[in-house]
Amino acid sequence: MKSRLGLNLFREMKLRKEKITMLTAYNAWQARMAEKAGAEMLLVGDSVGMVEHGFPDTLDVTLEMMVLHCAAVSRGSEKAFLIGDLPFLTYEVDEREAVRNAGRLVREGRVQAVKLEGGVNRFETIRAIVRAGIPVMGHVGLTPQTSIALGGYKVQGKDRESARRVLEDAMAVEKAGAFAIVLECVPSPLARLITEKLSIPTIGIGAGPDCDGQVLVLHDVLDLYGTFRPKFVKVFADGGKILLEGLEKYVSEVKQGEFPSGEHGFTMDEGLLEELK
Ligand code: KIV
């Protein structure tokens, strides 16, 4: 039985003003590395659809995919608190279905909590899942699953109406019983205000420096995802370049007959070889 970080820690960290670090992870080796780097929370995000499966957005991600990725992240980590994203249309239809699907991520995917997008409009859903005994992380501001309705991947909360909506959404998420909330692509001063108003930790992505914690997609941190890079991303290592160099070297050495050399092969009894001949 693994002994993982618990929910109380994150409230305590908020009170102590100690930053919470969250990274996405989608498989066992990524989970191992993110945990080794010290991230307290690992999010199996539905961004998996784009960064691992090559879809253009998150809408094609299914619950089955999430269960598999969550279980892999669970196997690859020991201590980190694991959160699995509920994908598009697995929690919007009704609360019973939402509870059932959240339960699958916990039971089969072995995560400790689920994340879902929305605020005021998801109040009852969050409440139902929490009442079923499953911790919920909210997600407001830019909510990629409903980006069409939001008019695209845009910063949310810049004008009065939109800022009010983001604030009310965040407060609804807390009131519904969520243990933490992601604020995505909201102006830094609004994220600071929400962070001050809420007693649950805020985890920012494109929400400035004053949230209680931060999250980035692992592929963005390590520059593994090709061309598109949102403004809020900082690349911390040239992972894509290093990996490509290694792969190119492999291809070149195979072509040149340099790999495999004697040291990478196995010997056998000479007499046996003669006999086979
Ligand atoms: O799916 C995801 O990776 C996310 C984070 C960007 C917060 O929801």
# chains A, B, ... in the order shown; residues from 1 in each chain; ligands from 1
>>> residues_around(residues="Thr24 (chain A)", least_positions_apart="4", cutoff="7 Å", atoms="only C-alpha atoms", output="PyMOL selection string")
chain A and resi 42-45+216-218
>>> write_last_selection(atoms="N, CA and C atoms", output="compact mmCIF listing (two decimals), in the first residue's frame")
# COMPACT_ATOMS: atom_id res chain seq x y z
N LEU A 42 0.23 15.41 -9.01
CA LEU A 42 0.33 15.05 -10.43
C LEU A 42 -1.08 15.04 -11.00
N LEU A 43 -1.23 15.77 -12.10
CA LEU A 43 -2.53 15.82 -12.77
C LEU A 43 -2.47 14.99 -14.05
N VAL A 44 -3.33 13.98 -14.12
CA VAL A 44 -3.48 13.27 -15.38
C VAL A 44 -4.53 14.07 -16.15
N GLY A 45 -4.05 15.06 -16.90
CA GLY A 45 -4.94 16.01 -17.56
C GLY A 45 -5.50 15.43 -18.85
N LEU A 216 1.84 23.27 -14.81
CA LEU A 216 2.14 23.36 -16.24
C LEU A 216 2.08 21.95 -16.81
N VAL A 217 1.85 21.89 -18.10
CA VAL A 217 1.88 20.61 -18.81
C VAL A 217 3.36 20.19 -18.94
N LEU A 218 3.65 18.96 -18.56
CA LEU A 218 5.03 18.46 -18.56
C LEU A 218 5.71 18.67 -19.91
>>> select_by_dssp(residues="region 87-178 of chain A", states="alpha helix (DSSP H)", output="ChimeraX atom specification")
/A:95-107,123-131,160-176
>>> residues_around(residues="region 126-143 of chain A", least_positions_apart="2", cutoff="7 Å", atoms="only C-alpha atoms", output="ChimeraX atom specification")
/A:95,99,113-119,122-124,145-147,153-156,166,169-170,173,176-186
>>> select_by_dssp(residues="region 33-253 of chain A", states="strand (DSSP E)", output="ChimeraX atom specification")
/A:41-44,81-85,113-115,136-141,180-184,202-205,213-216
>>> closest_residue(among="A:Glu245, A:Glu92, A:Glu78, A:Glu263", to="Ala31 (chain A)", atoms="only C-alpha atoms")
A:Glu78
>>> residues_around(residues="Leu59 (chain A)", least_positions_apart="2", cutoff="9 Å", atoms="only C-alpha atoms", output="ChimeraX atom specification")
/A:46,49,55-57,61-62,87-89,144-145
>>> closest_residue(among="A:Glu196, A:Glu275, A:Asp159, A:Asp85", to="ligand 1", atoms="only C-alpha atoms and all ligand atoms")
A:Asp85
>>> residues_around(residues="region 28-30 of chain A", least_positions_apart="5", cutoff="7 Å", atoms="only C-alpha atoms", output="list in words")
Ala72, Val73, Arg75 and Gly76 of chain A
>>> write_last_selection(atoms="N, CA and C atoms", output="compact mmCIF listing (two decimals), in the first residue's frame")
# COMPACT_ATOMS: atom_id res chain seq x y z
N ALA A 72 -1.54 4.13 -15.11
CA ALA A 72 -0.09 4.11 -15.39
C ALA A 72 0.64 5.10 -14.48
N VAL A 73 0.04 6.28 -14.31
CA VAL A 73 0.65 7.31 -13.44
C VAL A 73 0.67 6.80 -11.99
N ARG A 75 0.87 3.68 -11.04
CA ARG A 75 1.94 2.66 -10.91
C ARG A 75 3.31 3.30 -10.87
N GLY A 76 3.48 4.42 -11.57
CA GLY A 76 4.80 5.03 -11.67
C GLY A 76 5.16 5.95 -10.52
>>> atom_distance(atom1="CA of Asp212 (chain A)", atom2="CA of Lys17 (chain A)")
7.0 Å
>>> closest_residue(among="A:Gly38, A:Pro201, A:Pro260, A:Gly265", to="Leu7 (chain A)", atoms="only C-alpha atoms")
A:Pro201
>>> atom_distance(atom1="CA of Glu161 (chain A)", atom2="CA of Ile148 (chain A)")
18.4 Å
>>> atom_distance(atom1="CA of Ala25 (chain A)", atom2="CA of Val67 (chain A)")
13.2 Å
>>> closest_residue(among="A:Ala191, A:Ile205, A:Ala149, A:Val111", to="Met22 (chain A)", atoms="only C-alpha atoms")
A:Ile205
>>> closest_residue(among="A:Ile83, A:Val93, A:Ala37, A:Leu68", to="ligand 1", atoms="only C-alpha atoms and all ligand atoms")
A:Ile83
>>> closest_residue(among="A:Met66, A:Asn8, A:Leu167, A:Asn121", to="Leu105 (chain A)", atoms="only C-alpha atoms")
A:Met66
>>> residues_around(residues="Leu5 (chain A)", least_positions_apart="4", cutoff="7 Å", atoms="only C-alpha atoms", output="ChimeraX atom specification")
/A:79-81
>>> residues_around(residues="Lys19 (chain A)", least_positions_apart="3", cutoff="12 Å", atoms="only C-alpha atoms", output="list of chain:residue names")
A:Leu9, A:Phe10, A:Arg11, A:Glu12, A:Met13, A:Lys14, A:Leu15, A:Arg16, A:Met22, A:Gly38, A:Ala39, A:Glu40, A:Met41, A:Pro201, A:Thr202, A:Ile203, A:Gly204, A:Pro209, A:Asp210, A:Cys211, A:Asp212, A:Gly213, A:Gln214, A:Val215
>>> decode(residues="region 8-19 of chain A", atoms="N, CA, C and O atoms", output="PDB file, in the first residue's frame")
ATOM      1  N   ASN A   8      -5.093  17.341   3.586  1.00  0.00           N
ATOM      2  CA  ASN A   8      -4.842  18.363   4.611  1.00  0.00           C
ATOM      3  C   ASN A   8      -3.600  19.173   4.302  1.00  0.00           C
ATOM      4  O   ASN A   8      -3.534  20.368   4.567  1.00  0.00           O
ATOM      5  N   LEU A   9      -2.605  18.474   3.724  1.00  0.00           N
ATOM      6  CA  LEU A   9      -1.340  19.138   3.423  1.00  0.00           C
ATOM      7  C   LEU A   9      -1.563  20.395   2.585  1.00  0.00           C
ATOM      8  O   LEU A   9      -0.935  21.429   2.824  1.00  0.00           O
ATOM      9  N   PHE A  10      -2.484  20.330   1.626  1.00  0.00           N
ATOM     10  CA  PHE A  10      -2.610  21.443   0.685  1.00  0.00           C
ATOM     11  C   PHE A  10      -3.257  22.670   1.345  1.00  0.00           C
ATOM     12  O   PHE A  10      -2.876  23.790   1.063  1.00  0.00           O
ATOM     13  N   ARG A  11      -4.193  22.423   2.254  1.00  0.00           N
ATOM     14  CA  ARG A  11      -4.752  23.558   3.029  1.00  0.00           C
ATOM     15  C   ARG A  11      -3.672  24.151   3.923  1.00  0.00           C
ATOM     16  O   ARG A  11      -3.553  25.369   4.058  1.00  0.00           O
ATOM     17  N   GLU A  12      -2.888  23.258   4.547  1.00  0.00           N
ATOM     18  CA  GLU A  12      -1.809  23.750   5.428  1.00  0.00           C
ATOM     19  C   GLU A  12      -0.802  24.573   4.630  1.00  0.00           C
ATOM     20  O   GLU A  12      -0.337  25.618   5.078  1.00  0.00           O
ATOM     21  N   MET A  13      -0.486  24.083   3.419  1.00  0.00           N
ATOM     22  CA  MET A  13       0.490  24.810   2.589  1.00  0.00           C
ATOM     23  C   MET A  13      -0.050  26.192   2.244  1.00  0.00           C
ATOM     24  O   MET A  13       0.677  27.176   2.232  1.00  0.00           O
ATOM     25  N   LYS A  14      -1.353  26.273   1.961  1.00  0.00           N
ATOM     26  CA  LYS A  14      -1.950  27.585   1.666  1.00  0.00           C
ATOM     27  C   LYS A  14      -1.801  28.502   2.888  1.00  0.00           C
ATOM     28  O   LYS A  14      -1.399  29.656   2.753  1.00  0.00           O
ATOM     29  N   LEU A  15      -2.118  27.965   4.056  1.00  0.00           N
ATOM     30  CA  LEU A  15      -2.030  28.790   5.266  1.00  0.00           C
ATOM     31  C   LEU A  15      -0.591  29.237   5.524  1.00  0.00           C
ATOM     32  O   LEU A  15      -0.343  30.370   5.920  1.00  0.00           O
ATOM     33  N   ARG A  16       0.356  28.330   5.261  1.00  0.00           N
ATOM     34  CA  ARG A  16       1.787  28.654   5.465  1.00  0.00           C
ATOM     35  C   ARG A  16       2.353  29.510   4.341  1.00  0.00           C
ATOM     36  O   ARG A  16       3.503  29.879   4.368  1.00  0.00           O
ATOM     37  N   LYS A  17       1.549  29.733   3.302  1.00  0.00           N
ATOM     38  CA  LYS A  17       1.979  30.436   2.084  1.00  0.00           C
ATOM     39  C   LYS A  17       3.159  29.706   1.417  1.00  0.00           C
ATOM     40  O   LYS A  17       4.065  30.310   0.865  1.00  0.00           O
ATOM     41  N   GLU A  18       3.116  28.389   1.504  1.00  0.00           N
ATOM     42  CA  GLU A  18       4.125  27.569   0.814  1.00  0.00           C
ATOM     43  C   GLU A  18       3.536  27.141  -0.523  1.00  0.00           C
ATOM     44  O   GLU A  18       2.425  26.585  -0.573  1.00  0.00           O
ATOM     45  N   LYS A  19       4.237  27.416  -1.603  1.00  0.00           N
ATOM     46  CA  LYS A  19       3.684  27.144  -2.942  1.00  0.00           C
ATOM     47  C   LYS A  19       3.498  25.637  -3.185  1.00  0.00           C
ATOM     48  O   LYS A  19       4.371  24.832  -2.846  1.00  0.00           O
TER      49      LYS A  19
END
